[in-house]
$ cat run_20.txt   # compact mmCIF, C-alpha atoms
# COMPACT_ATOMS: atom_id res chain seq x y z
CA MET A 130 -72.76 165.13 -138.19
CA GLN A 131 -73.04 163.52 -134.79
CA ARG A 132 -75.67 166.09 -133.80
CA CYS A 133 -77.69 165.28 -136.91
CA VAL A 134 -77.76 161.63 -135.91
CA TYR A 135 -78.95 162.57 -132.41
CA ILE A 136 -81.69 164.77 -133.87
CA LEU A 137 -82.78 161.97 -136.18
CA LEU A 138 -82.95 159.55 -133.27
CA LEU A 139 -84.89 162.06 -131.19
CA VAL A 140 -87.42 162.71 -133.95
CA SER A 141 -87.85 158.97 -134.64
CA GLY A 142 -88.48 158.42 -130.96
CA LEU A 143 -91.04 161.19 -130.81
CA ILE A 144 -92.86 159.81 -133.85
CA ALA A 145 -92.89 156.31 -132.40
CA CYS A 146 -94.32 157.60 -129.13
CA SER A 147 -96.99 159.75 -130.76
CA HIS A 148 -98.47 156.95 -132.83
CA SER A 149 -98.77 153.65 -131.01
CA SER A 150 -100.49 151.00 -133.07
CA GLN A 151 -101.12 147.42 -131.99
CA THR A 152 -102.75 144.31 -133.37
CA GLN A 153 -104.02 141.73 -130.92
CA GLN A 154 -106.13 138.64 -130.62
CA HIS A 155 -108.72 139.65 -128.07
CA ALA A 156 -109.28 137.47 -125.02
CA THR A 157 -112.77 136.25 -124.22
CA VAL A 158 -114.71 136.72 -121.03
CA SER A 159 -114.98 133.37 -119.27
CA LYS A 160 -118.50 133.81 -117.92
CA ALA A 161 -121.41 135.20 -119.93
CA ASN A 162 -124.51 136.62 -118.25
CA MET A 163 -127.99 135.89 -119.55
CA LEU A 164 -130.09 138.98 -120.16
CA ARG A 165 -133.88 139.02 -120.47
CA GLY A 166 -135.50 141.98 -122.21
CA GLU A 167 -138.87 143.66 -122.05
CA ALA A 168 -140.55 143.98 -125.44
CA ILE A 169 -142.15 147.32 -126.24
CA SER A 170 -144.84 147.86 -128.83
CA THR A 171 -144.80 150.91 -131.11
CA GLU A 172 -148.40 150.49 -132.26
CA PRO A 173 -150.05 151.93 -134.22
CA VAL A 174 -146.74 152.64 -135.99
CA PHE A 175 -145.50 149.67 -138.02
CA ILE A 176 -141.74 149.38 -138.39
CA ARG A 177 -140.72 146.78 -140.93
CA TYR A 178 -136.97 146.49 -140.22
CA PRO A 179 -135.99 148.48 -137.11
CA PHE A 180 -132.24 148.69 -137.55
CA ARG A 181 -131.13 151.62 -135.41
CA VAL A 182 -132.45 153.41 -132.34
CA ALA A 183 -131.32 156.46 -130.38
CA VAL A 184 -132.78 158.02 -127.25
CA LYS A 185 -132.17 161.58 -126.07
CA ASP A 186 -134.00 162.81 -122.97
CA SER A 187 -137.73 162.52 -123.76
CA ILE A 188 -137.46 161.59 -127.44
CA ALA A 189 -136.55 158.33 -129.19
CA VAL A 190 -135.90 157.91 -132.91
CA VAL A 191 -136.04 154.58 -134.75
CA MET A 192 -134.64 153.94 -138.24
CA ASP A 193 -136.54 151.52 -140.48
CA LEU A 194 -134.12 150.04 -143.04
CA HIS A 195 -136.92 148.68 -145.26
CA CYS A 196 -139.66 151.19 -144.67
CA ASP A 197 -143.02 151.41 -146.41
CA SER A 198 -143.16 155.19 -146.35
CA CYS A 199 -140.66 156.94 -144.04
CA TYR A 200 -137.23 155.79 -142.88
CA PHE A 201 -137.44 157.47 -139.47
CA GLN A 202 -140.01 157.64 -136.74
CA ALA A 203 -139.82 159.89 -133.66
CA PHE A 204 -141.50 158.77 -130.44
CA ALA A 205 -142.04 160.28 -127.02
CA TYR A 206 -139.84 158.47 -124.50
CA PRO A 207 -140.46 156.41 -122.41
CA SER A 208 -144.15 156.25 -123.41
CA TRP A 209 -143.28 155.33 -127.04
CA LYS A 210 -146.21 157.39 -128.27
CA PRO A 211 -145.58 158.38 -131.91
CA ILE A 212 -144.65 162.01 -132.60
CA ALA A 213 -143.88 162.16 -136.31
CA ALA A 214 -142.38 160.23 -139.21
CA PHE A 215 -139.72 161.78 -141.42
CA GLY A 216 -137.29 160.94 -144.22
CA LYS A 217 -139.83 159.92 -146.85
CA HIS A 218 -138.73 157.14 -149.15
CA GLY A 219 -138.84 158.15 -152.81
CA GLU A 220 -137.03 159.62 -155.77
CA ALA A 221 -138.17 163.24 -155.48
CA PRO A 222 -135.41 165.73 -154.58
CA ASP A 223 -136.57 166.11 -150.97
CA GLU A 224 -137.04 162.36 -150.49
CA MET A 225 -134.54 159.66 -149.56
CA LEU A 226 -133.28 156.75 -151.63
CA SER A 227 -131.85 154.94 -148.62
CA ALA A 228 -131.19 155.37 -144.92
CA ASP A 229 -127.94 153.97 -143.64
CA LYS A 230 -127.25 155.67 -140.32
CA PHE A 231 -128.46 158.49 -138.14
CA GLN A 232 -127.14 160.46 -135.20
CA PHE A 233 -129.37 162.10 -132.61
CA ASP A 234 -127.51 165.02 -130.98
CA SER A 235 -130.38 167.29 -129.95
CA LEU A 236 -133.92 168.19 -130.96
CA ASP A 237 -132.67 170.40 -133.79
CA SER A 238 -129.76 168.15 -134.79
CA ILE A 239 -130.80 164.75 -136.04
CA TRP A 240 -128.33 163.84 -138.76
CA THR A 241 -129.28 161.19 -141.33
CA LEU A 242 -127.21 159.52 -144.04
CA ASP A 243 -128.56 158.57 -147.46
CA ALA A 244 -125.75 156.53 -149.06
CA ASN A 245 -127.52 156.16 -152.39
CA ARG A 246 -127.94 159.90 -152.76
CA MET A 247 -124.64 160.62 -150.95
CA GLU A 248 -126.33 163.16 -148.72
CA ILE A 249 -126.29 163.91 -145.02
CA ARG A 250 -129.31 165.82 -143.79
CA ARG A 251 -130.06 167.64 -140.58
CA TRP A 252 -133.57 167.57 -139.18
CA ALA A 253 -135.30 169.27 -136.25
CA ILE A 254 -138.06 167.65 -134.20
CA ILE A 255 -140.78 169.92 -132.83
CA PRO A 256 -142.65 167.72 -130.31
CA LYS A 257 -145.38 170.29 -129.55
CA LYS A 258 -146.33 170.56 -133.21
CA LYS A 259 -145.72 166.85 -133.78
CA SER A 260 -143.60 167.66 -136.77
CA VAL A 261 -140.08 167.24 -138.11
CA VAL A 262 -138.46 169.90 -140.31
CA LEU A 263 -135.52 169.50 -142.72
CA LYS A 264 -132.88 172.08 -141.79
CA GLU A 265 -130.00 171.44 -144.18
CA THR A 266 -128.63 169.01 -146.74
CA ILE A 267 -124.94 168.33 -147.24
CA THR A 268 -123.90 166.63 -150.45
CA LEU A 269 -120.88 164.40 -149.94
CA ASP A 270 -117.95 164.78 -152.34
CA LYS A 271 -117.86 162.44 -155.36
CA ASN A 272 -114.37 161.29 -154.39
CA LEU A 273 -115.87 159.53 -151.36
CA VAL A 274 -117.78 157.38 -153.93
CA ARG A 275 -120.09 155.81 -151.36
CA THR A 276 -120.45 156.42 -147.64
CA LEU A 277 -122.23 153.84 -145.51
CA ASP A 278 -121.60 155.26 -142.04
CA PHE A 279 -120.69 158.56 -140.40
CA TYR A 280 -120.26 160.45 -137.18
CA ARG A 281 -120.78 164.19 -136.97
CA THR A 282 -118.27 165.92 -134.64
CA ASP A 283 -118.13 169.61 -133.72
CA SER A 284 -115.92 170.38 -136.71
CA CYS A 285 -116.28 167.60 -139.27
CA PHE A 286 -117.70 164.20 -140.22
CA LEU A 287 -115.84 160.94 -139.67
CA VAL A 288 -116.65 158.41 -142.39
CA PRO A 289 -115.21 154.98 -143.21
CA GLY A 290 -113.33 154.79 -146.52
CA TYR A 291 -115.04 153.02 -149.41
CA MET A 292 -112.05 152.88 -151.77
CA GLY A 293 -109.71 150.98 -149.46
CA ASP A 294 -106.93 153.56 -149.42
CA CYS A 295 -108.02 155.03 -146.07
CA ARG A 296 -109.60 153.25 -143.13
CA PHE A 297 -111.59 156.37 -142.39
CA LEU A 298 -111.63 160.01 -143.38
CA LYS A 299 -112.27 163.37 -141.87
CA VAL A 300 -114.79 165.18 -144.05
CA ALA A 301 -115.41 168.92 -143.82
CA CYS A 302 -118.86 170.36 -143.11
CA ASN A 303 -119.27 171.05 -146.83
CA GLY A 304 -118.83 167.33 -147.63
CA ARG A 305 -115.24 167.50 -148.92
CA PRO A 306 -112.66 165.00 -147.62
CA ILE A 307 -109.85 166.69 -145.70
CA LYS A 308 -107.82 163.90 -144.15
CA CYS A 309 -107.27 160.20 -144.69
CA ILE A 310 -106.52 158.13 -141.60
CA GLY A 311 -105.30 154.55 -141.17
CA LYS A 312 -105.25 151.47 -143.36
CA ILE A 313 -107.43 148.36 -143.48
CA PRO A 314 -105.73 146.05 -140.96
CA CYS A 315 -105.89 143.09 -143.31
CA THR A 316 -103.51 140.26 -142.44
CA SER A 317 -104.62 137.43 -144.69
CA THR A 318 -104.15 136.48 -148.32
CA HIS A 319 -106.68 139.13 -149.31
CA LYS A 320 -103.87 141.65 -149.23
CA ASN A 321 -103.55 141.46 -153.00
CA VAL A 322 -107.21 141.87 -153.98
CA ASN A 323 -108.33 145.22 -155.30
CA GLN A 324 -108.82 147.85 -152.65
CA PRO A 325 -112.53 148.74 -153.20
CA ALA A 326 -113.53 145.07 -152.84
CA LEU A 327 -111.41 144.79 -149.71
CA ALA A 328 -113.04 147.92 -148.28
CA GLN A 329 -116.53 146.54 -149.00
CA ALA A 330 -115.69 143.31 -147.19
CA TRP A 331 -114.38 145.37 -144.28
CA ARG A 332 -117.55 147.48 -144.20
CA SER A 333 -117.79 148.63 -140.59
CA PHE A 334 -120.24 150.21 -138.21
CA THR A 335 -118.73 153.07 -136.24
CA ASP A 336 -119.24 155.29 -133.25
CA TYR A 337 -117.31 158.15 -131.67
CA ASN A 338 -117.37 159.72 -128.24
CA PRO A 339 -116.05 163.31 -128.33
CA ARG A 340 -115.58 163.34 -124.54
CA ASN A 341 -112.89 160.66 -124.55
CA GLY A 342 -111.84 160.80 -128.21
CA ILE A 343 -112.56 157.12 -128.84
CA TYR A 344 -113.56 156.19 -132.38
CA ALA A 345 -114.55 152.51 -132.63
CA MET A 346 -115.13 150.48 -135.79
CA VAL A 347 -116.62 146.97 -135.89
CA THR A 348 -116.76 144.83 -139.02
CA GLN A 349 -120.08 143.57 -140.36
CA LEU A 350 -118.31 140.42 -141.56
CA GLY A 351 -115.79 138.58 -139.40
CA GLU A 352 -114.95 139.68 -135.86
CA VAL A 353 -112.71 142.72 -135.78
CA LEU A 354 -112.85 145.70 -133.45
CA GLU A 355 -110.64 148.70 -134.13
CA ILE A 356 -110.19 151.44 -131.57
CA TYR A 357 -108.66 154.81 -132.41
CA ASN A 358 -108.14 157.42 -129.73
CA LEU A 359 -108.21 160.57 -131.80
CA LYS A 360 -106.90 162.62 -128.87
CA THR A 361 -103.79 160.54 -128.14
CA ASN A 362 -103.27 158.70 -131.48
CA PHE A 363 -103.52 155.35 -129.65
CA HIS A 364 -104.74 152.65 -132.01
CA VAL A 365 -105.46 148.99 -131.43
CA THR A 366 -106.97 146.30 -133.68
CA LEU A 367 -108.58 143.34 -131.94
CA PHE A 368 -109.36 140.11 -133.74
CA GLY A 369 -111.98 137.85 -132.16
CA PRO A 370 -112.08 134.03 -132.57
CA ASN A 371 -113.75 134.38 -136.00
CA GLY A 372 -110.93 136.55 -137.33
CA GLU A 373 -111.08 139.04 -140.15
CA PRO A 374 -113.79 139.26 -142.84
CA GLN A 375 -113.81 136.37 -145.31
CA PHE A 376 -114.92 137.02 -148.86
CA SER A 377 -114.39 136.29 -152.52
CA THR A 378 -114.38 138.87 -155.27
CA SER A 379 -116.34 139.52 -158.41
CA GLY A 380 -114.58 142.35 -160.20
CA ASN A 381 -114.54 145.25 -157.79
CA HIS A 382 -117.24 143.69 -155.65
CA ALA A 383 -116.84 141.60 -152.48
CA ILE A 384 -119.03 138.52 -152.04
CA PRO A 385 -119.37 137.87 -148.29
CA ASP A 386 -118.24 134.52 -146.95
CA GLY A 387 -117.31 133.39 -143.45
CA ILE A 388 -119.65 134.83 -140.84
CA MET A 389 -122.03 137.69 -140.17
CA GLY A 390 -120.20 139.64 -137.49
CA PHE A 391 -121.02 142.81 -135.63
CA LEU A 392 -124.29 144.71 -136.00
CA ASP A 393 -123.74 147.85 -133.98
CA VAL A 394 -121.27 149.65 -131.72
CA LYS A 395 -121.70 152.35 -129.09
CA VAL A 396 -118.90 154.19 -127.33
CA THR A 397 -119.87 155.52 -123.91
CA ASP A 398 -117.72 157.40 -121.42
CA HIS A 399 -116.32 154.18 -119.93
CA TYR A 400 -116.94 151.26 -122.29
CA ILE A 401 -117.47 150.10 -125.86
CA TYR A 402 -120.69 148.11 -126.37
CA THR A 403 -121.03 145.87 -129.42
CA VAL A 404 -123.78 143.60 -130.79
CA PHE A 405 -122.41 140.42 -132.34
CA GLN A 406 -124.18 137.81 -134.48
CA GLY A 407 -121.61 135.16 -135.46
CA THR A 408 -123.78 133.08 -137.82
CA SER A 409 -121.85 131.49 -140.68
CA PHE A 410 -122.99 132.04 -144.26
CA LYS A 411 -122.89 128.25 -144.69
CA ASP A 412 -125.58 127.96 -142.00
CA ILE A 413 -127.56 130.83 -143.53
CA ASP A 414 -127.40 129.12 -146.97
CA ARG A 415 -128.49 125.79 -145.50
CA THR A 416 -131.42 127.39 -143.66
CA LEU A 417 -132.59 129.26 -146.74
CA GLN A 418 -132.22 126.20 -148.99
CA GLU A 419 -134.37 124.20 -146.57
CA GLY A 420 -137.02 126.89 -146.93
CA ARG A 421 -136.67 128.00 -143.32
CA HIS A 422 -136.28 131.52 -142.03
CA SER A 423 -132.78 132.65 -141.15
CA GLU A 424 -132.75 134.69 -137.94
CA GLN A 425 -131.49 138.25 -138.35
CA GLY A 426 -129.74 140.03 -135.52
CA GLY A 427 -127.24 139.17 -132.83
CA ARG A 428 -127.78 137.49 -129.47
CA ASN A 429 -124.42 138.54 -128.05
CA LEU A 430 -123.61 141.82 -126.37
CA TYR A 431 -119.86 142.25 -125.87
CA VAL A 432 -118.55 145.02 -123.65
CA PHE A 433 -114.95 146.20 -123.99
CA SER A 434 -112.88 148.73 -122.06
CA LEU A 435 -111.80 151.81 -123.98
CA ASN A 436 -108.45 150.18 -124.76
CA GLY A 437 -110.06 146.97 -125.99
CA LYS A 438 -109.99 144.65 -123.01
CA PRO A 439 -113.10 142.42 -122.88
CA VAL A 440 -115.02 143.33 -119.74
CA ARG A 441 -118.41 141.62 -119.91
CA GLN A 442 -120.41 139.38 -122.20
CA TYR A 443 -124.18 139.08 -122.24
CA ILE A 444 -126.27 136.46 -124.02
CA LEU A 445 -129.59 137.98 -125.00
CA ASP A 446 -133.02 136.34 -125.03
CA ARG A 447 -133.63 137.42 -128.65
CA PRO A 448 -131.66 138.66 -131.66
CA ILE A 449 -131.17 142.42 -131.77
CA CYS A 450 -129.67 144.86 -134.29
CA GLY A 451 -129.20 148.41 -133.02
CA ILE A 452 -128.62 149.64 -129.47
CA ASP A 453 -128.78 152.81 -127.45
CA VAL A 454 -126.82 152.63 -124.20
CA ASN A 455 -127.43 154.81 -121.16
CA GLU A 456 -124.71 154.11 -118.61
CA LYS A 457 -126.31 156.34 -115.97
CA THR A 458 -129.66 154.54 -115.92
CA HIS A 459 -128.16 151.15 -116.91
CA ILE A 460 -130.80 150.88 -119.64
CA ILE A 461 -130.12 149.53 -123.11
CA ILE A 462 -132.80 150.11 -125.73
CA ALA A 463 -132.45 147.71 -128.65
CA THR A 464 -134.24 147.00 -131.93
CA CYS A 465 -135.45 143.55 -132.93
CA VAL A 466 -136.49 142.71 -136.49
CA GLU A 467 -137.80 139.26 -135.60
CA SER A 468 -140.80 140.45 -133.60
CA ASN A 469 -143.92 142.57 -134.01
CA GLN A 470 -142.74 144.42 -130.95
CA PRO A 471 -139.67 146.07 -132.48
CA ILE A 472 -138.19 147.68 -129.35
CA VAL A 473 -136.62 145.81 -126.43
CA LYS A 474 -135.53 147.25 -123.11
CA TYR A 475 -132.67 145.62 -121.20
CA ILE A 476 -131.38 146.57 -117.79
CA ILE A 477 -127.70 145.79 -117.22
CA MET B 112 -75.89 179.54 -135.48
CA LYS B 113 -75.60 177.79 -138.85
CA LYS B 114 -75.84 174.42 -137.16
CA THR B 115 -79.02 175.45 -135.35
CA ILE B 116 -80.62 176.54 -138.62
CA LYS B 117 -79.57 173.21 -140.18
CA ALA B 118 -81.09 171.23 -137.31
CA VAL B 119 -84.36 173.20 -137.42
CA THR B 120 -84.57 172.68 -141.19
CA ILE B 121 -84.07 168.92 -140.82
CA LEU B 122 -86.71 168.81 -138.10
CA ILE B 123 -89.23 170.68 -140.26
CA CYS B 124 -88.49 168.36 -143.23
CA LEU B 125 -88.95 165.24 -141.10
CA ALA B 126 -92.18 166.57 -139.59
CA GLY B 127 -93.42 167.32 -143.12
CA CYS B 128 -92.54 163.79 -144.33
CA TYR B 129 -94.32 162.29 -141.34
CA TYR B 130 -97.44 164.40 -141.96
CA LEU B 131 -97.51 163.48 -145.66
CA SER B 132 -97.09 159.78 -144.90
CA ARG B 133 -100.22 159.91 -142.72
CA THR B 134 -102.32 161.95 -145.14
CA CYS B 135 -103.40 160.10 -148.25
CA LYS B 136 -104.35 161.57 -151.55
CA THR B 137 -108.09 161.47 -152.00
CA ALA B 138 -108.11 162.32 -155.69
CA ILE B 139 -109.10 159.33 -157.83
CA SER B 140 -108.94 159.08 -161.59
CA SER B 141 -112.25 159.78 -163.28
CA VAL B 142 -112.23 156.35 -164.99
CA ALA B 143 -111.88 154.54 -161.69
CA LEU B 144 -114.61 156.73 -160.28
CA ASP B 145 -116.97 155.87 -163.16
CA ASN B 146 -116.32 152.16 -162.63
CA ILE B 147 -117.08 152.32 -158.94
CA GLU B 148 -120.18 154.45 -159.51
CA ALA B 149 -121.41 151.88 -162.02
CA LEU B 150 -120.95 149.19 -159.39
CA ALA B 151 -122.80 151.21 -156.81
CA GLN B 152 -125.69 151.58 -159.25
CA GLY B 153 -125.93 147.87 -159.95
CA GLU B 154 -124.16 147.52 -163.27
CA ASN B 155 -121.57 144.79 -163.95
CA SER B 156 -123.24 142.55 -161.39
CA ASP B 157 -123.25 139.62 -163.79
CA ASN B 158 -122.11 136.75 -161.58
CA TYR B 159 -123.75 137.43 -158.29
CA ILE B 160 -127.24 138.25 -157.12
CA CYS B 161 -128.54 140.21 -154.17
CA VAL B 162 -130.97 138.01 -152.24
CA GLY B 163 -133.64 138.70 -149.64
CA SER B 164 -134.17 141.55 -147.27
CA GLY B 165 -131.46 142.22 -144.71
CA ASN B 166 -128.67 144.61 -143.76
CA ILE B 167 -125.83 143.73 -146.16
CA ASP B 168 -125.24 146.47 -148.73
CA CYS B 169 -125.48 145.13 -152.28
CA ASN B 170 -125.50 147.64 -155.12
CA GLY B 171 -127.45 150.15 -153.09
CA ILE B 172 -130.03 147.79 -151.62
CA LYS B 173 -129.92 146.02 -148.27
CA VAL B 174 -130.04 142.25 -148.60
CA GLU B 175 -129.78 139.11 -146.54
CA LYS B 176 -127.22 137.37 -148.72
CA ILE B 177 -125.13 137.87 -151.85
CA TRP B 178 -125.12 134.70 -153.91
CA ARG B 179 -122.48 133.96 -156.46
CA TRP B 180 -123.56 132.10 -159.60
CA TYR B 181 -121.59 130.94 -162.57
CA LYS B 182 -122.44 131.23 -166.28

$ encode --input "run_20.txt" --output "structure tokens"
Amino acid sequence: MQRCVYILLLVSGLIACSHSSQTQQHATVSKANMLRGEAISTEPVFIRYPFRVAVKDSIAVVMDLHCDSCYFQAFAYPSWKPIAAFGKHGEAPDEMLSADKFQFDSLDSIWTLDANRMEIRRWAIIPKKKSVVLKETITLDKNLVRTLDFYRTDSCFLVPGYMGDCRFLKVACNGRPIKCIGKIPCTSTHKNVNQPALAQAWRSFTDYNPRNGIYAMVTQLGEVLEIYNLKTNFHVTLFGPNGEPQFSTSGNHAIPDGIMGFLDVKVTDHYIYTVFQGTSFKDIDRTLQEGRHSEQGGRNLYVFSLNGKPVRQYILDRPICGIDVNEKTHIIIATCVESNQPIVKYII
Amino acid sequence: MKKTIKAVTILICLAGCYYLSRTCKTAISSVALDNIEALAQGENSDNYICVGSGNIDCNGIKVEKIWRWYK
């Protein structure tokens, strides 16, 4: 009997050690640096709402959230000469109903997510022929309901949960969910609202770095950063001064309240880079009711260590949405929806 | 010998419980699924409207703001 107790204690200890989870209020960096960018034109290509950008060697890809014709445009980098557009908007089987995220791994592996069609597609860019070819289409399982973000790893996809029962899921290469991980780290009175509405309010942008195992999630509403180390099971949730997402519900739907929070996240080998907006919906309402334009994008670039410690804070000269970070060259390429020159280059 | 077998069995059971506690069931009832799909396709949206052009997901379109209104 005594031995059984020892074994139980040993196992409990092992479990506790293997899964450390923390919730913290993150500290702020006392001094913010101003950062001035260099605007880059993509003419003659018009990009209506440049939301995401990724650069790999001599190619850059930009995602247009509200495109006229194609959701994606490939450019030569750093000349920004257009190569080809792909991901045609439309209802035909080979067209896309929406573009929500993309991942640029290599010339023959550009993964795109169409949340409305629940499809992830792989494309190949052929710069010499100035063309882009569709290589494969993966239909996501119906049980995922709706997927708004993803990361493709060597063996699976990581996608945030839409039903509220999992914070994120591992999804097999055939689109079927295989593992549910974590819970929404909700602390407020919203604990009792229905789970799908809660998950919508906690809609997050994500990024993963397979070299260090860090999977980071930032909330579009509120100011929450979650860091999972998938190699060590370390997990930390950091709440900024604006706290968790605020919302009301209409049936199973979340109506955003509070503030517009993060816009993008990138995990590099040493840091986590995030774009933060912080405008309250009250201010947005007031601006719109006065017939003025409400600025879209964030003017804050927050840099965290891989365990969530704030390292640096930059205040940008314009609002940006998506970022690509190159730690070796110290160059950040960003998208700006408020200008006719949709690309901005920052040196940090 | 018996005690060792007992200990190993307990260990396996505990490991199994731990694994199950971290792995959720992904199966959802078909009714719940239909409801959520209807929402994603814009049905039942009778007391809010999707406004403007932005990056907030609202029934499959990307909007600037979701406005609640009352009947």

$ residues_near_point --input "run_20.txt" --point "(-115.0, 139.7, -120.8)" --cutoff "12 Å" --atoms "only C-alpha atoms" --output "ChimeraX atom specification"
/A:155-162,369,400-402,429-434,437-443

$ write_last_selection --input "run_20.txt" --atoms "C-alpha atoms" --output "compact mmCIF listing (two decimals), in the coordinates of the input"
# COMPACT_ATOMS: atom_id res chain seq x y z
CA HIS A 155 -108.72 139.65 -128.07
CA ALA A 156 -109.28 137.47 -125.02
CA THR A 157 -112.77 136.25 -124.22
CA VAL A 158 -114.71 136.72 -121.03
CA SER A 159 -114.98 133.37 -119.27
CA LYS A 160 -118.50 133.81 -117.92
CA ALA A 161 -121.41 135.20 -119.93
CA ASN A 162 -124.51 136.62 -118.25
CA GLY A 369 -111.98 137.85 -132.16
CA TYR A 400 -116.94 151.26 -122.29
CA ILE A 401 -117.47 150.10 -125.86
CA TYR A 402 -120.69 148.11 -126.37
CA ASN A 429 -124.42 138.54 -128.05
CA LEU A 430 -123.61 141.82 -126.37
CA TYR A 431 -119.86 142.25 -125.87
CA VAL A 432 -118.55 145.02 -123.65
CA PHE A 433 -114.95 146.20 -123.99
CA SER A 434 -112.88 148.73 -122.06
CA GLY A 437 -110.06 146.97 -125.99
CA LYS A 438 -109.99 144.65 -123.01
CA PRO A 439 -113.10 142.42 -122.88
CA VAL A 440 -115.02 143.33 -119.74
CA ARG A 441 -118.41 141.62 -119.91
CA GLN A 442 -120.41 139.38 -122.20
CA TYR A 443 -124.18 139.08 -122.24

$ atom_distance --input "run_20.txt" --atom1 "CA of Cys450 in chain A" --atom2 "CA of Thr403 in chain A"
10.0 Å

$ interface_residues --input "run_20.txt" --of "chain A" --to "chain B" --cutoff "7 Å" --atoms "all atoms listed in the file" --output "list in words"
Cys133, Asn245, Asn272, Val274, Lys308, Cys309, Ile310, Ile384 and Pro385 of chain A

$ write_last_selection --input "run_20.txt" --atoms "C-alpha atoms" --output "short mmCIF file (atom, residue, chain, number, x, y, z; two decimals), keeping the file's coordinate frame"
data_model
loop_
_atom_site.label_atom_id
_atom_site.label_comp_id
_atom_site.auth_asym_id
_atom_site.auth_seq_id
_atom_site.Cartn_x
_atom_site.Cartn_y
_atom_site.Cartn_z
CA CYS A 133 -77.69 165.28 -136.91
CA ASN A 245 -127.52 156.16 -152.39
CA ASN A 272 -114.37 161.29 -154.39
CA VAL A 274 -117.78 157.38 -153.93
CA LYS A 308 -107.82 163.90 -144.15
CA CYS A 309 -107.27 160.20 -144.69
CA ILE A 310 -106.52 158.13 -141.60
CA ILE A 384 -119.03 138.52 -152.04
CA PRO A 385 -119.37 137.87 -148.29
#

$ atom_distance --input "run_20.txt" --atom1 "CA of Ser260 in chain A" --atom2 "CA of Tyr206 in chain A"
15.8 Å

$ atom_distance --input "run_20.txt" --atom1 "CA of Arg415 in chain A" --atom2 "CA of Asp446 in chain A"
23.5 Å

$ residues_around --input "run_20.txt" --residues "Ser238 in chain A" --least-positions-apart "5" --cutoff "9 Å" --atoms "only C-alpha atoms" --output "compact mmCIF listing (two decimals) with C-alpha atoms, keeping the file's coordinate frame"
# COMPACT_ATOMS: atom_id res chain seq x y z
CA GLN A 232 -127.14 160.46 -135.20
CA PHE A 233 -129.37 162.10 -132.61
CA ARG A 251 -130.06 167.64 -140.58
CA TRP A 252 -133.57 167.57 -139.18
CA ALA A 253 -135.30 169.27 -136.25
CA ILE A 254 -138.06 167.65 -134.20
CA LYS A 264 -132.88 172.08 -141.79

$ residues_around --input "run_20.txt" --residues "Ala213 in chain A" --least-positions-apart "5" --cutoff "7 Å" --atoms "all atoms listed in the file" --output "list in words"
Gln202, Ala203, Lys259, Ser260 and Val261 of chain A
